[in-house]
>>> print(open('protein_15.txt').read())   # compact mmCIF, C-alpha atoms and all ligand atoms
# COMPACT_ATOMS: atom_id res chain seq x y z
CA MET A 1 107.65 101.53 -33.01
CA PRO A 2 104.23 100.19 -34.05
CA GLU A 3 102.24 98.97 -31.10
CA GLY A 4 101.63 95.50 -32.55
CA ASP A 5 105.36 94.85 -32.83
CA ALA A 6 105.97 95.86 -29.26
CA LEU A 7 103.20 93.53 -28.14
CA HIS A 8 104.51 90.57 -30.08
CA ARG A 9 108.03 91.17 -28.82
CA ALA A 10 106.68 91.35 -25.28
CA ALA A 11 104.74 88.09 -25.80
CA ARG A 12 107.96 86.42 -27.03
CA LYS A 13 109.96 87.66 -24.06
CA LEU A 14 107.35 86.40 -21.62
CA GLN A 15 107.42 82.85 -23.03
CA VAL A 16 110.27 82.03 -20.61
CA LEU A 17 107.74 82.07 -17.77
CA VAL A 18 105.09 79.93 -19.49
CA GLY A 19 104.55 76.65 -17.66
CA GLU A 20 105.82 78.01 -14.36
CA ARG A 21 103.94 78.79 -11.20
CA VAL A 22 104.50 82.48 -10.65
CA ALA A 23 104.39 84.75 -7.65
CA VAL A 24 102.31 87.82 -8.52
CA GLU A 25 102.65 91.28 -7.00
CA THR A 26 101.10 94.62 -7.89
CA PRO A 27 103.47 97.23 -6.38
CA ASN A 28 101.67 100.09 -8.10
CA PRO A 29 98.46 100.98 -6.19
CA ARG A 30 96.51 101.61 -9.41
CA ALA A 31 97.44 98.13 -10.60
CA ALA A 32 96.49 96.71 -7.19
CA ALA A 33 93.08 98.32 -7.54
CA ALA A 34 92.59 96.91 -11.06
CA VAL A 35 93.84 93.38 -10.49
CA SER A 36 93.80 91.12 -7.46
CA ALA A 37 97.33 89.74 -7.22
CA ALA A 38 96.04 87.26 -4.64
CA ALA A 39 93.74 85.67 -7.20
CA LEU A 40 96.71 84.96 -9.49
CA ASP A 41 99.49 84.38 -7.00
CA GLY A 42 100.94 80.87 -7.18
CA ARG A 43 99.02 79.85 -10.30
CA ARG A 44 100.67 78.36 -13.36
CA LEU A 45 101.06 80.73 -16.31
CA GLU A 46 99.63 78.70 -19.20
CA SER A 47 100.20 80.97 -22.17
CA VAL A 48 101.04 84.48 -23.29
CA GLU A 49 99.87 85.80 -26.61
CA ALA A 50 99.37 89.09 -28.38
CA VAL A 51 95.77 89.46 -29.54
CA GLY A 52 94.85 92.68 -31.29
CA LYS A 53 96.32 95.41 -29.17
CA ASN A 54 96.27 93.32 -26.03
CA LEU A 55 98.63 90.94 -24.40
CA LEU A 56 96.68 88.04 -22.90
CA LEU A 57 98.25 86.09 -20.07
CA ARG A 58 96.30 82.93 -19.34
CA PHE A 59 96.60 81.34 -15.91
CA GLU A 60 95.45 77.97 -14.67
CA GLY A 61 91.90 77.97 -13.42
CA GLY A 62 90.67 79.94 -16.42
CA LEU A 63 91.89 83.38 -15.37
CA VAL A 64 93.03 85.76 -18.08
CA LEU A 65 95.05 88.89 -17.42
CA ARG A 66 94.67 91.43 -20.19
CA SER A 67 97.37 94.05 -20.54
CA HIS A 68 97.00 96.89 -23.02
CA LEU A 69 100.22 98.85 -23.29
CA ARG A 70 98.92 102.00 -25.04
CA MET A 71 101.97 104.17 -25.79
CA SER A 72 103.79 104.08 -22.49
CA GLY A 73 103.51 100.50 -21.22
CA ARG A 74 106.44 98.12 -21.42
CA TRP A 75 107.13 94.54 -20.36
CA GLN A 76 110.61 93.61 -19.26
CA VAL A 77 112.07 90.21 -18.35
CA VAL A 78 115.03 90.17 -15.97
CA GLU A 79 116.86 87.73 -13.69
CA ARG A 80 114.89 86.99 -10.55
CA GLY A 81 115.70 89.49 -7.83
CA ALA A 82 117.52 91.90 -10.18
CA GLU A 83 117.82 95.40 -8.81
CA ARG A 84 115.05 97.69 -10.02
CA ARG A 85 114.51 101.42 -10.11
CA GLY A 86 111.01 102.68 -9.71
CA THR A 87 107.72 100.96 -9.03
CA PRO A 88 106.51 98.47 -11.61
CA TRP A 89 102.80 97.92 -12.08
CA LEU A 90 102.99 94.20 -11.98
CA VAL A 91 105.68 91.64 -11.20
CA LEU A 92 105.45 87.95 -12.16
CA THR A 93 108.22 85.97 -10.50
CA GLY A 94 109.18 82.51 -11.73
CA ALA A 95 111.96 80.18 -10.61
CA GLU A 96 114.77 82.05 -12.34
CA ARG A 97 113.31 85.10 -14.01
CA GLU A 98 110.78 87.77 -13.38
CA ALA A 99 108.61 89.77 -15.72
CA LEU A 100 107.89 93.39 -14.88
CA LEU A 101 105.20 95.57 -16.36
CA TRP A 102 106.05 99.27 -16.35
CA ASN A 103 103.38 101.94 -16.85
CA GLY A 104 100.68 99.47 -17.79
CA PRO A 105 97.77 101.83 -18.17
CA VAL A 106 95.17 99.12 -18.86
CA LEU A 107 95.07 95.95 -16.82
CA GLU A 108 92.08 93.71 -16.39
CA LEU A 109 91.48 90.27 -14.93
CA THR A 110 88.69 88.17 -16.42
CA ALA A 111 87.58 84.56 -16.48
CA ARG A 112 87.96 82.63 -19.74
CA GLY A 113 85.28 82.61 -22.40
CA ALA A 114 81.73 83.32 -21.42
CA ARG A 115 82.36 82.53 -17.78
CA ARG A 116 81.87 85.65 -15.79
CA LEU A 117 83.56 86.63 -12.58
CA GLY A 118 81.63 86.44 -9.33
CA PRO A 119 81.13 89.50 -7.09
CA ASP A 120 84.39 91.17 -6.09
CA ILE A 121 85.47 90.41 -2.51
CA LEU A 122 87.12 93.85 -2.36
CA ALA A 123 84.02 95.81 -3.39
CA GLU A 124 82.87 98.35 -0.79
CA PRO A 125 80.73 96.84 0.54
CA PRO A 126 81.18 93.33 -0.85
CA ASP A 127 77.92 91.69 -1.98
CA LEU A 128 78.04 88.78 0.47
CA PRO A 129 74.46 87.53 -0.12
CA ALA A 130 75.13 87.25 -3.90
CA MET A 131 78.30 85.25 -3.15
CA VAL A 132 76.39 82.95 -0.80
CA THR A 133 73.76 82.45 -3.53
CA ASN A 134 76.53 81.49 -5.99
CA LEU A 135 78.05 79.03 -3.51
CA ARG A 136 74.61 77.51 -2.93
CA ARG A 137 74.25 76.79 -6.66
CA GLU A 138 77.32 74.52 -6.57
CA HIS A 139 77.07 70.81 -5.87
CA SER A 140 76.56 70.16 -2.16
CA SER A 141 79.58 67.83 -2.04
CA ARG A 142 82.00 70.48 -3.29
CA GLU A 143 84.57 71.40 -0.65
CA LEU A 144 84.24 74.90 0.78
CA GLY A 145 87.97 75.70 0.40
CA ASP A 146 87.90 74.72 -3.27
CA ALA A 147 84.76 76.75 -3.95
CA LEU A 148 86.21 79.89 -2.34
CA LEU A 149 88.95 79.92 -5.01
CA ASP A 150 86.46 79.59 -7.88
CA GLN A 151 86.53 83.05 -9.42
CA ARG A 152 83.12 82.50 -11.07
CA LEU A 153 81.53 82.34 -7.61
CA VAL A 154 83.47 85.05 -5.81
CA SER A 155 86.35 86.90 -7.41
CA GLY A 156 89.53 87.93 -5.72
CA ILE A 157 90.15 85.37 -2.99
CA GLY A 158 93.59 83.80 -3.34
CA ASN A 159 95.16 80.86 -1.57
CA VAL A 160 96.55 82.83 1.39
CA TRP A 161 93.31 84.52 2.37
CA LYS A 162 91.30 81.41 1.67
CA ALA A 163 93.31 79.63 4.39
CA GLU A 164 93.27 82.55 6.81
CA SER A 165 89.58 83.39 6.46
CA LEU A 166 88.55 79.74 6.96
CA TRP A 167 90.67 79.61 10.10
CA ARG A 168 89.08 82.78 11.46
CA ALA A 169 85.60 81.46 10.65
CA ARG A 170 86.53 78.13 12.32
CA LEU A 171 85.52 76.14 9.23
CA SER A 172 87.56 73.40 7.58
CA PRO A 173 88.49 73.86 3.90
CA TRP A 174 87.23 70.29 3.45
CA LEU A 175 83.72 71.00 4.74
CA PRO A 176 81.22 70.10 1.97
CA LEU A 177 79.13 73.11 0.94
CA GLY A 178 76.00 71.12 1.81
CA GLU A 179 77.10 70.92 5.43
CA ALA A 180 77.75 74.65 5.80
CA GLY A 181 74.95 76.98 6.86
CA ASP A 182 74.29 80.25 5.03
CA GLU A 183 75.48 82.22 8.06
CA GLU A 184 78.73 80.21 8.07
CA LEU A 185 79.32 80.93 4.40
CA GLU A 186 78.66 84.59 5.01
CA ARG A 187 81.03 84.55 7.98
CA VAL A 188 83.96 83.15 6.03
CA LEU A 189 83.35 85.57 3.15
CA SER A 190 83.14 88.45 5.57
CA GLU A 191 86.46 87.41 7.17
CA ALA A 192 88.06 87.16 3.72
CA ALA A 193 86.78 90.63 2.79
CA ALA A 194 88.11 92.15 6.03
CA LEU A 195 91.51 90.47 5.76
CA MET A 196 91.98 91.41 2.13
CA ARG A 197 90.87 94.98 2.71
CA ALA A 198 93.41 95.24 5.56
CA SER A 199 96.11 93.73 3.37
CA LEU A 200 95.32 96.15 0.54
CA GLU A 201 95.63 99.01 2.99
CA GLN A 202 99.03 97.69 4.08
CA ARG A 203 97.90 96.71 7.54
CA ARG A 204 99.42 93.25 7.04
CA PRO A 205 97.13 90.94 8.97
CA GLU A 206 99.02 88.24 10.84
CA ARG A 207 98.89 84.77 9.31
CA ALA A 208 97.65 81.98 11.56
CA VAL A 209 97.87 78.91 9.30
CA TYR A 210 99.17 79.75 5.83
CA ARG A 211 102.55 78.05 5.28
CA ARG A 212 102.62 77.07 8.96
CA ALA A 213 102.08 73.31 8.56
CA GLY A 214 103.32 71.34 11.58
CA ARG A 215 103.41 74.41 13.79
CA PRO A 216 100.95 74.98 16.63
CA CYS A 217 97.61 76.64 15.95
CA PRO A 218 97.58 80.11 17.58
CA ARG A 219 94.07 79.41 18.91
CA CYS A 220 94.08 75.83 20.19
CA GLY A 221 97.73 74.77 20.01
CA GLY A 222 97.05 71.72 17.82
CA PRO A 223 99.28 71.03 14.82
CA ILE A 224 98.41 72.81 11.58
CA ARG A 225 98.06 70.57 8.56
CA SER A 226 98.48 71.11 4.83
CA ARG A 227 97.34 69.22 1.76
CA GLY A 228 96.64 69.93 -1.93
CA GLN A 229 93.01 70.69 -2.70
CA GLY A 230 90.89 70.92 -5.84
CA ASP A 231 91.73 70.37 -9.50
CA ALA A 232 94.63 72.82 -9.34
CA ASN A 233 95.92 71.04 -6.20
CA ARG A 234 96.60 74.30 -4.41
CA THR A 235 97.77 73.74 -0.85
CA ALA A 236 95.14 74.11 1.86
CA TYR A 237 96.27 74.88 5.44
CA TRP A 238 93.99 74.24 8.39
CA CYS A 239 93.81 73.26 12.03
CA PRO A 240 91.80 70.04 12.50
CA GLY A 241 91.49 70.91 16.20
CA CYS A 242 89.36 74.02 15.91
CA GLN A 243 88.04 74.28 12.35
CA ARG A 244 84.74 72.48 11.92
CA GLY A 245 84.55 69.65 9.39
CA GLU A 246 86.30 66.39 8.56
CA GLY A 247 89.72 66.29 6.95
CA PRO A 248 90.30 65.43 3.28
CA SER A 249 88.61 62.21 2.17
CA GLY A 250 90.95 59.26 2.06
CA ALA A 251 93.33 60.86 4.56
ZN ZN A 301 93.30 75.22 16.24
>>> encode(input="protein_15.txt", output="structure tokens", more="lines below")
Ligand SMILES: [Zn+2]
Amino acid sequence: MPEGDALHRAARKLQVLVGERVAVETPNPRAAAAVSAAALDGRRLESVEAVGKNLLLRFEGGLVLRSHLRMSGRWQVVERGAERRGTPWLVLTGAEREALLWNGPVLELTARGARRLGPDILAEPPDLPAMVTNLRREHSSRELGDALLDQRLVSGIGNVWKAESLWRARLSPWLPLGEAGDEELERVLSEAAALMRASLEQRRPERAVYRRAGRPCPRCGGPIRSRGQGDANRTAYWCPGCQRGEGPSGA
């Protein structure tokens, strides 16, 4: 079958997930190395189209996942939770269905248009000073938690590790960048890098705040709070008792 046909058929199949927020996993280690599932996890899939020999999956926040199938790659759409044999490269799970990529030899995550991705949080070692410089170029009123998810500034941090690294660094997601010192920015980035590296190596760091709203903070015992943050309104989790900075404005 000509490659272009396979791509267009795949794009058609994947339309059922367009408009949904999808859970993203990369069970195959090579896929995990190529694409940060955490950066995509929980984002809305905005469109899927075949362009040239590539399938472009556009996610909210300007992230584009490029999948080139070569001869062996194949996208499949099944009922959510359907039994599977083997290890797919990538799994996108929506409310009722999931899309699986098998043998996807080329996978790449980029930011839309000319916008380039910031330094990779999973690089060894991560370029923390360059990330701090990028954060410093943003408006001083921008909230730290929102900025950490901006893939132009630092690429790879997703919503889970944003919440966990801020908790470890004792900084509120609502802290304006202008009120954070360079060493504090470096600290939270360094925590994010360590947590994500551990997660990649299957050491499963324990979660202190993510999806634990209303439960006691493991450090100070105060109640953990949650609230949507940023243009994409992704849920921030934090402990007002021990993370420095005010809460959300107007709350
Ligand atoms: Zn606390």
>>> atom_distance(input="protein_15.txt", atom1="atom CA of Arg66 of chain A", atom2="atom CA of Pro105 of chain A")
11.0 Å
>>> closest_residue(input="protein_15.txt", among="A:Leu171, A:Ala198, A:Ile121, A:Ala192", to="ligand ZN 301 (chain A)", atoms="only C-alpha atoms and all ligand atoms")
A:Leu171
>>> residues_near_point(input="protein_15.txt", point="(108.0, 85.9, -27.8)", cutoff="12 Å", atoms="all atoms listed in the file", output="PyMOL selection string")
chain A and resi 5-18+47-50+55+75-77
>>> closest_atom_pairs(input="protein_15.txt", of="chain A", to="ligand ZN 301 (chain A)", cutoff="7 Å", atoms="only C-alpha atoms and all ligand atoms", output="Markdown table")
| residue | atom | partner | partner_atom | distance |
| --- | --- | --- | --- | --- |
| A:Cys217 | CA | A:ZN301 | ZN | 4.5 |
| A:Pro218 | CA | A:ZN301 | ZN | 6.6 |
| A:Arg219 | CA | A:ZN301 | ZN | 5.0 |
| A:Cys220 | CA | A:ZN301 | ZN | 4.1 |
| A:Gly221 | CA | A:ZN301 | ZN | 5.8 |
| A:Gly222 | CA | A:ZN301 | ZN | 5.4 |
| A:Cys239 | CA | A:ZN301 | ZN | 4.7 |
| A:Pro240 | CA | A:ZN301 | ZN | 6.6 |
| A:Gly241 | CA | A:ZN301 | ZN | 4.7 |
| A:Cys242 | CA | A:ZN301 | ZN | 4.1 |
| A:Gln243 | CA | A:ZN301 | ZN | 6.6 |
>>> closest_residue(input="protein_15.txt", among="A:Arg234, A:Arg244, A:Arg142, A:Arg74", to="Glu60 of chain A", atoms="all atoms listed in the file")
A:Arg234
>>> closest_residue(input="protein_15.txt", among="A:Val64, A:Val188, A:Leu90, A:Val209", to="Pro29 of chain A", atoms="only C-alpha atoms")
A:Leu90
>>> atom_distance(input="protein_15.txt", atom1="atom CA of Thr235 of chain A", atom2="atom CA of Arg212 of chain A")
11.4 Å
>>> atom_distance(input="protein_15.txt", atom1="atom CA of Ala194 of chain A", atom2="atom CA of Ile157 of chain A")
11.5 Å
>>> closest_residue(input="protein_15.txt", among="A:Ser72, A:Ser172, A:Ser165, A:Ser155", to="Asp127 of chain A", atoms="only C-alpha atoms")
A:Ser155
>>> closest_residue(input="protein_15.txt", among="A:Gly61, A:Pro126, A:Gly19, A:Gly118", to="Glu191 of chain A", atoms="all atoms listed in the file")
A:Pro126
>>> closest_residue(input="protein_15.txt", among="A:Val160, A:Leu40, A:Val154, A:Arg211", to="Ala130 of chain A", atoms="only C-alpha atoms")
A:Val154
>>> residues_around(input="protein_15.txt", residues="Glu246 of chain A", least_positions_apart="2", cutoff="7 Å", atoms="all atoms listed in the file", output="list of chain:residue names")
A:Trp174, A:Leu175, A:Pro248
>>> residues_around(input="protein_15.txt", residues="Arg97 of chain A", least_positions_apart="5", cutoff="7 Å", atoms="only C-alpha atoms", output="PyMOL selection string")
chain A and resi 77-80
>>> write_last_selection(input="protein_15.txt", atoms="C-alpha atoms", output="compact mmCIF listing (two decimals), in the coordinates of the input")
# COMPACT_ATOMS: atom_id res chain seq x y z
CA VAL A 77 112.07 90.21 -18.35
CA VAL A 78 115.03 90.17 -15.97
CA GLU A 79 116.86 87.73 -13.69
CA ARG A 80 114.89 86.99 -10.55
>>> axis_aligned_box(input="protein_15.txt", around="segment 225-233 of chain A", padding_each_side="5 Å", output="JSON")
{"center_x": 94.7, "center_y": 71.0, "center_z": -0.5, "size_x": 17.6, "size_y": 13.6, "size_z": 28.1}
